[in-house]
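Heads up, protein.cif below (mmCIF, C-alpha atoms):
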data_coords
loop_
_atom_site.label_atom_id
_atom_site.label_comp_id
_atom_site.auth_asym_id
_atom_site.auth_seq_id
_atom_site.Cartn_x
_atom_site.Cartn_y
_atom_site.Cartn_z
CA MET P 1 21.77 -34.29 -17.67
CA ARG P 2 18.06 -33.58 -17.33
CA ARG P 3 18.24 -30.98 -20.12
CA ALA P 4 20.01 -33.50 -22.36
CA LEU P 5 17.34 -36.13 -21.67
CA LEU P 6 14.58 -33.60 -22.31
CA LEU P 7 16.13 -32.62 -25.63
CA LEU P 8 16.56 -36.27 -26.61
CA SER P 9 12.96 -36.95 -25.65
CA ARG P 10 11.79 -33.96 -27.67
CA ARG P 11 13.68 -35.08 -30.78
CA THR P 12 12.46 -38.67 -30.43
CA ARG P 13 8.84 -37.61 -30.07
CA LEU P 14 9.26 -35.20 -32.97
CA LEU P 15 10.36 -38.02 -35.27
CA LEU P 16 7.50 -40.27 -34.15
CA ALA P 17 4.82 -37.61 -34.49
CA GLY P 18 6.16 -35.80 -37.52
CA ALA P 19 4.92 -38.13 -40.24
CA VAL P 20 1.37 -38.13 -38.90
CA LEU P 21 1.07 -34.35 -38.52
CA LEU P 22 2.80 -33.60 -41.80
CA ALA P 23 0.36 -35.87 -43.58
CA ALA P 24 -2.53 -34.11 -41.87
CA ALA P 25 -1.12 -30.73 -42.83
CA SER P 26 -0.82 -31.81 -46.44
CA ALA P 27 -4.42 -32.99 -46.47
CA CYS P 28 -5.54 -29.58 -45.22
CA GLY P 29 -3.62 -27.73 -47.93
CA LEU P 30 -0.67 -26.63 -45.80
CA THR P 31 2.64 -26.73 -47.60
CA SER P 32 4.75 -27.33 -44.49
CA GLY P 33 4.56 -27.87 -40.78
CA SER P 34 5.88 -30.04 -38.00
CA PRO P 35 4.64 -30.70 -34.48
CA MET P 36 5.76 -28.72 -31.48
CA VAL P 37 6.33 -31.35 -28.81
CA ASP P 38 7.77 -29.44 -25.88
CA ASP P 39 7.31 -31.22 -22.56
CA VAL P 40 5.70 -28.28 -20.75
CA GLU P 41 2.94 -27.81 -18.21
CA PRO P 42 1.10 -24.71 -17.01
CA GLY P 43 3.06 -22.26 -14.91
CA SER P 44 1.57 -18.82 -14.42
CA ILE P 45 -0.30 -19.30 -17.72
CA GLY P 46 -2.46 -22.15 -18.98
CA GLN P 47 -3.89 -23.13 -15.60
CA GLY P 48 -6.76 -25.56 -16.13
CA LYS P 49 -5.58 -26.15 -19.71
CA PRO P 50 -8.30 -24.03 -21.38
CA LEU P 51 -7.05 -24.98 -24.85
CA GLN P 52 -7.34 -28.73 -24.26
CA GLY P 53 -8.57 -30.29 -27.50
CA ALA P 54 -7.47 -27.41 -29.71
CA GLN P 55 -5.28 -28.08 -32.73
CA LEU P 56 -3.52 -24.81 -33.50
CA THR P 57 -1.03 -23.89 -36.21
CA VAL P 58 1.46 -21.14 -35.38
CA THR P 59 3.36 -19.24 -38.06
CA SER P 60 6.03 -16.54 -38.29
CA LYS P 61 8.40 -14.83 -40.69
CA GLU P 62 11.91 -16.18 -41.17
CA PHE P 63 14.10 -13.83 -39.13
CA THR P 64 15.40 -14.52 -35.63
CA GLU P 65 12.98 -12.45 -33.58
CA GLN P 66 9.99 -13.89 -35.41
CA LEU P 67 11.23 -17.45 -34.95
CA ILE P 68 11.54 -16.78 -31.21
CA LEU P 69 8.11 -15.13 -30.98
CA GLY P 70 6.51 -17.97 -32.92
CA ALA P 71 8.08 -20.50 -30.58
CA ILE P 72 6.96 -18.51 -27.52
CA MET P 73 3.39 -18.52 -28.81
CA GLY P 74 3.44 -22.23 -29.59
CA ILE P 75 4.91 -23.11 -26.19
CA ALA P 76 2.19 -21.05 -24.47
CA PHE P 77 -0.51 -22.88 -26.41
CA GLN P 78 0.99 -26.27 -25.54
CA ALA P 79 1.09 -25.44 -21.83
CA ALA P 80 -2.60 -24.55 -22.08
CA GLY P 81 -3.36 -27.98 -23.52
CA ALA P 82 -3.34 -27.45 -27.30
CA GLU P 83 -1.67 -29.58 -29.93
CA VAL P 84 0.48 -27.23 -32.01
CA VAL P 85 1.77 -27.41 -35.56
CA ASP P 86 4.87 -25.29 -36.24
CA ARG P 87 4.83 -23.33 -39.49
CA THR P 88 7.30 -20.68 -38.37
CA GLY P 89 9.98 -19.38 -40.70
CA ILE P 90 7.93 -18.42 -43.77
CA GLN P 91 9.98 -16.17 -46.04
CA GLY P 92 8.85 -12.55 -46.25
CA SER P 93 5.98 -10.79 -44.50
CA VAL P 94 3.13 -11.58 -46.87
CA GLY P 95 3.38 -15.37 -46.60
CA SER P 96 2.83 -15.62 -42.86
CA ARG P 97 0.20 -12.90 -42.97
CA GLU P 98 -1.80 -14.66 -45.68
CA ALA P 99 -1.62 -17.93 -43.77
CA VAL P 100 -3.44 -16.29 -40.85
CA VAL P 101 -5.93 -14.46 -43.10
CA LYS P 102 -6.86 -17.66 -44.96
CA GLY P 103 -6.93 -19.82 -41.86
CA GLU P 104 -4.04 -21.99 -43.01
CA ALA P 105 -2.44 -20.88 -39.74
CA ASP P 106 -4.25 -19.85 -36.60
CA ALA P 107 -1.90 -17.35 -35.00
CA ALA P 108 1.25 -15.27 -35.33
CA TYR P 109 2.96 -12.32 -33.70
CA GLU P 110 2.73 -9.43 -36.16
CA TYR P 111 3.94 -5.83 -36.14
CA THR P 112 1.49 -2.92 -36.15
CA GLY P 113 3.52 -0.80 -38.58
CA THR P 114 3.83 -3.64 -41.08
CA ALA P 115 0.09 -4.20 -41.02
CA TRP P 116 -0.78 -0.52 -41.32
CA ILE P 117 1.58 0.26 -44.19
CA THR P 118 2.21 -2.99 -46.05
CA TYR P 119 -1.04 -4.95 -45.62
CA GLN P 120 -3.59 -2.19 -45.21
CA GLY P 121 -2.06 0.16 -47.76
CA ASN P 122 -1.66 3.36 -45.74
CA SER P 123 1.14 5.75 -46.54
CA GLU P 124 1.35 7.70 -43.27
CA PRO P 125 2.04 5.99 -39.93
CA ILE P 126 0.16 7.00 -36.80
CA PRO P 127 2.73 8.41 -34.33
CA ASP P 128 1.00 7.25 -31.13
CA PRO P 129 1.64 3.50 -30.64
CA ARG P 130 -1.75 2.84 -29.04
CA GLU P 131 -3.64 4.70 -31.73
CA GLN P 132 -1.65 2.80 -34.35
CA TRP P 133 -2.65 -0.53 -32.82
CA LEU P 134 -6.31 0.49 -32.52
CA ALA P 135 -6.42 1.56 -36.17
CA VAL P 136 -4.82 -1.69 -37.32
CA ARG P 137 -7.13 -3.78 -35.12
CA ASP P 138 -10.26 -2.08 -36.44
CA ALA P 139 -9.18 -2.23 -40.09
CA ASP P 140 -8.34 -5.93 -39.94
CA ARG P 141 -11.73 -7.07 -38.64
CA LYS P 142 -13.04 -7.24 -42.19
CA ASN P 143 -10.07 -9.42 -43.13
CA GLY P 144 -10.95 -12.05 -40.56
CA VAL P 145 -7.97 -11.23 -38.34
CA THR P 146 -8.27 -10.46 -34.61
CA TRP P 147 -5.53 -8.39 -32.96
CA LEU P 148 -4.88 -8.97 -29.28
CA GLU P 149 -3.27 -6.43 -26.94
CA PRO P 150 0.20 -5.28 -28.10
CA SER P 151 3.57 -5.51 -26.40
CA GLU P 152 6.04 -2.71 -25.72
CA LEU P 153 8.45 -4.45 -28.11
CA ASN P 154 8.89 -1.99 -31.00
CA ASN P 155 11.02 -3.52 -33.72
CA THR P 156 11.35 -0.57 -36.03
CA TYR P 157 13.87 0.10 -38.77
CA ALA P 158 17.06 2.16 -38.39
CA LEU P 159 20.35 2.82 -40.14
CA ALA P 160 23.57 2.07 -38.29
CA MET P 161 27.30 2.43 -38.94
CA ASN P 162 30.50 1.07 -37.39
CA GLN P 163 32.71 3.10 -35.06
CA SER P 164 35.32 3.81 -37.74
CA ASN P 165 32.78 5.33 -40.11
CA TYR P 166 31.20 7.23 -37.26
CA GLU P 167 34.56 8.77 -36.40
CA LYS P 168 34.94 9.74 -40.06
CA TYR P 169 31.48 11.17 -40.78
CA ARG P 170 30.03 11.96 -37.33
CA THR P 171 26.38 11.55 -38.33
CA ARG P 172 23.89 10.80 -35.57
CA THR P 173 20.55 11.46 -37.29
CA LEU P 174 18.96 10.55 -40.62
CA SER P 175 18.80 14.27 -41.44
CA GLU P 176 22.59 14.39 -41.15
CA VAL P 177 22.84 11.32 -43.38
CA ALA P 178 20.72 13.16 -45.95
CA GLU P 179 23.02 16.19 -45.74
CA LEU P 180 26.05 13.95 -46.20
CA SER P 181 24.48 12.29 -49.26
CA LYS P 182 24.10 15.70 -50.90
CA ARG P 183 27.53 16.98 -49.87
CA ASP P 184 29.42 13.80 -50.70
CA PRO P 185 27.19 11.37 -52.67
CA GLY P 186 29.83 8.64 -52.73
CA ALA P 187 30.07 8.58 -48.95
CA VAL P 188 26.59 7.17 -48.37
CA THR P 189 26.52 3.51 -49.31
CA LEU P 190 23.81 1.21 -47.98
CA CYS P 191 23.47 -2.48 -47.16
CA VAL P 192 19.77 -3.36 -47.06
CA GLU P 193 17.34 -6.26 -47.40
CA GLY P 194 15.41 -6.69 -50.62
CA GLU P 195 12.13 -6.14 -48.79
CA PHE P 196 13.32 -2.91 -47.14
CA ALA P 197 14.57 -1.66 -50.51
CA ASN P 198 11.06 -1.80 -51.95
CA ARG P 199 8.65 -1.15 -49.08
CA ALA P 200 6.81 2.14 -48.70
CA ASP P 201 7.81 2.14 -45.03
CA GLY P 202 11.39 1.27 -45.98
CA LEU P 203 14.05 2.85 -48.18
CA PRO P 204 11.81 4.59 -50.79
CA GLY P 205 9.75 6.30 -48.10
CA MET P 206 12.81 7.19 -46.03
CA GLU P 207 14.50 8.82 -49.04
CA LYS P 208 11.38 10.84 -49.76
CA ALA P 209 10.87 11.93 -46.16
CA TYR P 210 14.48 13.06 -45.74
CA GLY P 211 15.09 14.39 -49.25
CA MET P 212 17.67 11.74 -50.11
CA ASP P 213 18.43 10.53 -53.60
CA ILE P 214 20.89 7.70 -53.17
CA PRO P 215 22.17 6.27 -56.48
CA THR P 216 21.26 2.64 -57.15
CA ARG P 217 24.95 1.79 -57.47
CA ASN P 218 25.40 2.80 -53.83
CA ILE P 219 22.77 0.32 -52.59
CA THR P 220 23.57 -3.35 -52.07
CA GLN P 221 20.82 -5.82 -51.24
CA MET P 222 21.66 -8.82 -49.05
CA ASP P 223 20.28 -11.15 -46.39
CA THR P 224 19.61 -9.71 -42.94
CA GLY P 225 22.46 -11.44 -41.12
CA ILE P 226 25.06 -10.42 -43.67
CA ILE P 227 24.05 -6.76 -43.32
CA TYR P 228 25.29 -6.63 -39.74
CA THR P 229 28.66 -8.23 -40.48
CA GLN P 230 29.21 -6.11 -43.59
CA THR P 231 28.27 -2.93 -41.73
CA ALA P 232 30.59 -3.85 -38.87
CA LYS P 233 33.40 -4.42 -41.38
CA GLY P 234 32.69 -1.11 -43.08
CA ALA P 235 31.83 -2.66 -46.45
CA CYS P 236 28.97 -0.16 -46.54
CA THR P 237 28.74 3.09 -44.63
CA TYR P 238 25.25 2.39 -43.31
CA GLY P 239 23.36 -0.82 -42.81
CA GLU P 240 19.65 -1.36 -42.31
CA VAL P 241 19.12 -2.73 -38.79
CA PHE P 242 16.23 -3.54 -36.49
CA THR P 243 16.16 -1.69 -33.20
CA THR P 244 15.60 -4.89 -31.17
CA ASP P 245 18.54 -6.77 -32.71
CA GLY P 246 21.17 -7.95 -30.21
CA ARG P 247 23.96 -7.55 -32.76
CA ILE P 248 23.78 -3.75 -32.53
CA LYS P 249 25.28 -3.88 -29.04
CA SER P 250 27.62 -6.80 -29.62
CA MET P 251 29.11 -5.20 -32.76
CA ASN P 252 29.23 -1.72 -31.20
CA LEU P 253 27.26 -0.11 -34.02
CA VAL P 254 26.06 3.50 -33.90
CA VAL P 255 22.34 3.85 -34.67
CA MET P 256 21.06 6.93 -36.50
CA ASP P 257 18.16 8.71 -34.84
CA ASP P 258 14.99 8.92 -36.93
CA ASP P 259 14.65 12.60 -36.09
CA LYS P 260 11.66 13.18 -38.39
CA LYS P 261 9.87 10.12 -36.95
CA PHE P 262 9.39 8.59 -40.39
CA PHE P 263 9.47 4.93 -39.47
CA PRO P 264 6.21 3.63 -38.03
CA ASN P 265 5.79 1.99 -34.65
CA TYR P 266 6.27 -1.75 -35.08
CA ASN P 267 4.82 -3.07 -31.85
CA ALA P 268 4.51 -6.84 -31.80
CA ALA P 269 1.02 -8.18 -31.04
CA PRO P 270 -0.70 -11.55 -31.46
CA THR P 271 -2.86 -11.85 -34.56
CA ILE P 272 -5.41 -14.65 -34.55
CA HIS P 273 -7.58 -16.02 -37.36
CA SER P 274 -10.98 -14.72 -36.24
CA GLU P 275 -12.80 -18.04 -36.61
CA THR P 276 -10.16 -19.65 -34.40
CA MET P 277 -10.63 -16.87 -31.85
CA LYS P 278 -14.39 -17.48 -31.75
CA LYS P 279 -13.83 -21.19 -31.15
CA TRP P 280 -11.04 -20.75 -28.59
CA PRO P 281 -11.49 -17.37 -26.84
CA ALA P 282 -9.14 -18.48 -24.05
CA ILE P 283 -6.26 -17.76 -26.44
CA ALA P 284 -6.44 -14.13 -25.32
CA GLN P 285 -5.96 -14.88 -21.61
CA VAL P 286 -3.19 -17.38 -22.33
CA LEU P 287 -1.13 -14.93 -24.38
CA ALA P 288 -1.82 -11.69 -22.49
CA PRO P 289 0.81 -12.06 -19.70
CA VAL P 290 3.45 -13.29 -22.14
CA THR P 291 2.89 -10.40 -24.54
CA ALA P 292 2.94 -7.91 -21.66
CA ALA P 293 6.42 -9.16 -20.68
CA LEU P 294 7.91 -8.45 -24.10
CA ASN P 295 9.88 -5.24 -24.62
CA ASN P 296 12.95 -4.10 -26.53
CA THR P 297 15.39 -5.12 -23.81
CA VAL P 298 13.95 -8.64 -23.66
CA ALA P 299 14.00 -8.86 -27.44
CA GLN P 300 17.62 -7.71 -27.71
CA ASP P 301 18.71 -10.26 -25.10
CA LEU P 302 16.82 -13.14 -26.71
CA ASN P 303 17.88 -12.20 -30.24
CA ALA P 304 21.52 -11.97 -29.16
CA LYS P 305 21.42 -15.51 -27.78
CA VAL P 306 20.66 -16.69 -31.32
CA ASP P 307 22.52 -14.23 -33.54
CA VAL P 308 25.60 -13.71 -31.36
CA GLU P 309 25.86 -16.83 -29.20
CA GLY P 310 24.54 -19.28 -31.79
CA GLU P 311 21.74 -20.82 -29.75
CA ASP P 312 18.61 -22.39 -31.25
CA PRO P 313 15.65 -19.95 -31.45
CA HIS P 314 13.15 -22.48 -30.13
CA GLN P 315 15.37 -23.40 -27.19
CA VAL P 316 15.91 -19.71 -26.39
CA ALA P 317 12.13 -19.23 -26.33
CA LEU P 318 11.60 -22.29 -24.15
CA ASP P 319 14.30 -21.26 -21.67
CA TRP P 320 12.77 -17.77 -21.36
CA MET P 321 9.26 -19.12 -20.84
CA ILE P 322 10.54 -21.41 -18.07
CA GLU P 323 12.75 -18.73 -16.46
CA ARG P 324 9.82 -16.27 -16.34
CA GLY P 325 7.62 -18.94 -14.79
CA PHE P 326 5.07 -18.88 -17.59
CA VAL P 327 5.46 -22.64 -18.09
CA LYS P 328 7.05 -25.53 -16.22
CA GLU P 329 9.05 -28.46 -17.53
CA GLY P 330 6.84 -31.53 -17.73
#
Output the file's structure as structure tokens, nothing else.
Amino acid sequence: MRRALLLLSRRTRLLLAGAVLLAAASACGLTSGSPMVDDVEPGSIGQGKPLQGAQLTVTSKEFTEQLILGAIMGIAFQAAGAEVVDRTGIQGSVGSREAVVKGEADAAYEYTGTAWITYQGNSEPIPDPREQWLAVRDADRKNGVTWLEPSELNNTYALAMNQSNYEKYRTRTLSEVAELSKRDPGAVTLCVEGEFANRADGLPGMEKAYGMDIPTRNITQMDTGIIYTQTAKGACTYGEVFTTDGRIKSMNLVVMDDDKKFFPNYNAAPTIHSETMKKWPAIAQVLAPVTAALNNTVAQDLNAKVDVEGEDPHQVALDWMIERGFVKEG
């Protein structure tokens, strides 16, 4: 009953506050945004409300994990006293990134590999996760972006297949997929996202690294969620997946090992517009314990609650923050 009343209260306050904050966002040049109005108080984070008086805009990309991470960040800020505008769910990587660079948004969880390859234009990943983060952090200073300490969560790319196709082809590594593509070109069909199909750290780079030459007719581009269902059905032999996705386990997919270590480390870390960081340095201490608690197991569990069990990403984030004691219900 209490949860129902809390949700009703949240929706009611959202409707009342929405018009005001949306108008403010429009005046500032933001194209979208709505208030986060979670009824939360400090738990193990946010003691003393060091962000009292701050008005912070949080952004994210559009896929499940990013929606959850964006909500986690916004909930942490609220517990620390900030008013938060929600701009999560921007399509593609560049949109949310540019929002932070330009100061249209104040903060987002970003991935080190995406920054290093896609934003900063490098072609070779740095194998050591810490060194990768340090290089990204240092390079982004000139772009007005501050990187805080990273999490263990490493959401890197992989190819996966269903059990039936695994029984048929018995591939376990990307090198074996490459061998299969040469031996039997028609056997290797791919379901991938449009972004993965064109990124240097995606399909083109993977083909080059492993000596693959997969015909265009064997590659079908589709939305992320559809890839998992189509791969599970066997509509394509291999589907592009993310290693932290809960559907891998629930659909009993077999993940190919990146035996040449082509794909970069994609450790999630908070990125903050540098001017915002100067004004509100307490952001770092608020987010540090939350980021430290994130790893692949946590991500798979949280992602599965949304993608498998159908729960709301924001509610999943809120439940986790309360369960871990980071925040308390108000």
Between P:Gly113, P:Ile322, P:Glu275, P:Cys191, which one has atoms that come closest to Pro127 in chain P, using only C-alpha atoms?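 That would be P:Gly113, the residue with the smallest distance to Pro127 in chain P.
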When you look at range 131-138 of chain P with a cut-off of 6 Å (counting only C-alpha atoms), what residues show up, excluding the ones that are within fewer than 6 positions of it in the same chain? I need them as a PDB file with C-alpha atoms, in the coordinates of the input.
ATOM      1  CA  THR P 112       1.490  -2.920 -36.150  1.00  0.00           C
ATOM      2  CA  TRP P 116      -0.780  -0.520 -41.320  1.00  0.00           C
ATOM      3  CA  TRP P 147      -5.530  -8.390 -32.960  1.00  0.00           C
TER       4      TRP P 147
END
Would you kindly return, as a compact mmCIF listing (two decimals) with C-alpha atoms, in the frame of the given file, each protein, DNA or RNA residue with an atom no farther than 10 Å from any atom of Thr146 in chain P, considering all atoms listed in the file and excluding same-chain residues fewer than 5 positions away?
# COMPACT_ATOMS: atom_id res chain seq x y z
CA VAL P 100 -3.44 -16.29 -40.85
CA VAL P 101 -5.93 -14.46 -43.10
CA ALA P 107 -1.90 -17.35 -35.00
CA VAL P 136 -4.82 -1.69 -37.32
CA ARG P 137 -7.13 -3.78 -35.12
CA ASP P 138 -10.26 -2.08 -36.44
CA ALA P 139 -9.18 -2.23 -40.09
CA ASP P 140 -8.34 -5.93 -39.94
CA ARG P 141 -11.73 -7.07 -38.64
CA PRO P 270 -0.70 -11.55 -31.46
CA THR P 271 -2.86 -11.85 -34.56
CA ILE P 272 -5.41 -14.65 -34.55
CA HIS P 273 -7.58 -16.02 -37.36
CA SER P 274 -10.98 -14.72 -36.24
CA GLU P 275 -12.80 -18.04 -36.61
CA THR P 276 -10.16 -19.65 -34.40
CA MET P 277 -10.63 -16.87 -31.85
CA LYS P 278 -14.39 -17.48 -31.75
Within 9 Å of range 197-209 of chain P using only C-alpha atoms, minus same-chain residues under 6 positions, as number ranges by chain: P: 113-114, 117-118, 123-125, 157, 174, 178, 219, 221, 260, 262-264
Can you write just those residues out, C-alpha atoms, as a compact mmCIF listing (two decimals), in the coordinates of the input?
# COMPACT_ATOMS: atom_id res chain seq x y z
CA GLY P 113 3.52 -0.80 -38.58
CA THR P 114 3.83 -3.64 -41.08
CA ILE P 117 1.58 0.26 -44.19
CA THR P 118 2.21 -2.99 -46.05
CA SER P 123 1.14 5.75 -46.54
CA GLU P 124 1.35 7.70 -43.27
CA PRO P 125 2.04 5.99 -39.93
CA TYR P 157 13.87 0.10 -38.77
CA LEU P 174 18.96 10.55 -40.62
CA ALA P 178 20.72 13.16 -45.95
CA ILE P 219 22.77 0.32 -52.59
CA GLN P 221 20.82 -5.82 -51.24
CA LYS P 260 11.66 13.18 -38.39
CA PHE P 262 9.39 8.59 -40.39
CA PHE P 263 9.47 4.93 -39.47
CA PRO P 264 6.21 3.63 -38.03
Close residues, Val40 in chain P itself excluded, 9 Å, all atoms listed in the file, min 5 positions apart in chain, as a list in words: Ile75, Ala76, Gln78, Ala79, Ile322, Val327, Lys328, Glu329 and Gly330 of chain P
With the file shown as input, list the residues that the PyMOL selection byres ((chain P and resi 316) around 9) selects, as an mmCIF file with C-alpha atoms, in the coordinates of the input.
data_model
loop_
_atom_site.group_PDB
_atom_site.id
_atom_site.type_symbol
_atom_site.label_atom_id
_atom_site.label_comp_id
_atom_site.auth_asym_id
_atom_site.auth_seq_id
_atom_site.Cartn_x
_atom_site.Cartn_y
_atom_site.Cartn_z
ATOM 1 C CA ILE P 68 11.540 -16.780 -31.210
ATOM 2 C CA ALA P 71 8.080 -20.500 -30.580
ATOM 3 C CA LEU P 302 16.820 -13.140 -26.710
ATOM 4 C CA ASN P 303 17.880 -12.200 -30.240
ATOM 5 C CA LYS P 305 21.420 -15.510 -27.780
ATOM 6 C CA VAL P 306 20.660 -16.690 -31.320
ATOM 7 C CA GLU P 311 21.740 -20.820 -29.750
ATOM 8 C CA ASP P 312 18.610 -22.390 -31.250
ATOM 9 C CA PRO P 313 15.650 -19.950 -31.450
ATOM 10 C CA HIS P 314 13.150 -22.480 -30.130
ATOM 11 C CA GLN P 315 15.370 -23.400 -27.190
ATOM 12 C CA ALA P 317 12.130 -19.230 -26.330
ATOM 13 C CA LEU P 318 11.600 -22.290 -24.150
ATOM 14 C CA ASP P 319 14.300 -21.260 -21.670
ATOM 15 C CA TRP P 320 12.770 -17.770 -21.360
ATOM 16 C CA MET P 321 9.260 -19.120 -20.840
#
Would you kindly return, as a list of chain:residue names, each protein, DNA or RNA residue with an atom no farther than 12 Å from any atom of Arg170 in chain P, considering only C-alpha atoms and excluding same-chain residues fewer than 5 positions away? P:Ala160, P:Met161, P:Asn162, P:Gln163, P:Ser164, P:Asn165, P:Glu176, P:Val177, P:Glu179, P:Leu180, P:Thr237, P:Val254, P:Val255, P:Met256
CA of Asp223 in chain P to CA of Thr291 in chain P: how many Å, to one decimal? 27.9 Å
Residues matched by the PyMOL selection byres ((chain P and resi 280) around 12), written as a ChimeraX atom specification: /P:49-56,77,80-82,106-107,272-279,281-286
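The interatomic distance for the pair CA of Gln47 in chain P and CA of Ser151 in chain P works out to 22.0 Å.
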Work out how far apart CA of Ile72 in chain P and CA of Glu323 in chain P are and give it in Å to one decimal. 12.5 Å
Picked residues, the PyMOL selection byres ((chain P and resi 299) around 8), expected as a VMD selection string: chain P and resid 65 153 244 to 246 294 to 298 300 to 303
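Checking P:Ser96, P:Glu62, P:Thr231, P:Val290 one by one against Tyr166 in chain P, counting only C-alpha atoms, you find the shortest gap at P:Thr231.
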Looking at only C-alpha atoms, which of P:Leu69, P:Leu148, P:Glu195, P:Glu167 is the one that sits closest to Ser93 in chain P? P:Glu195
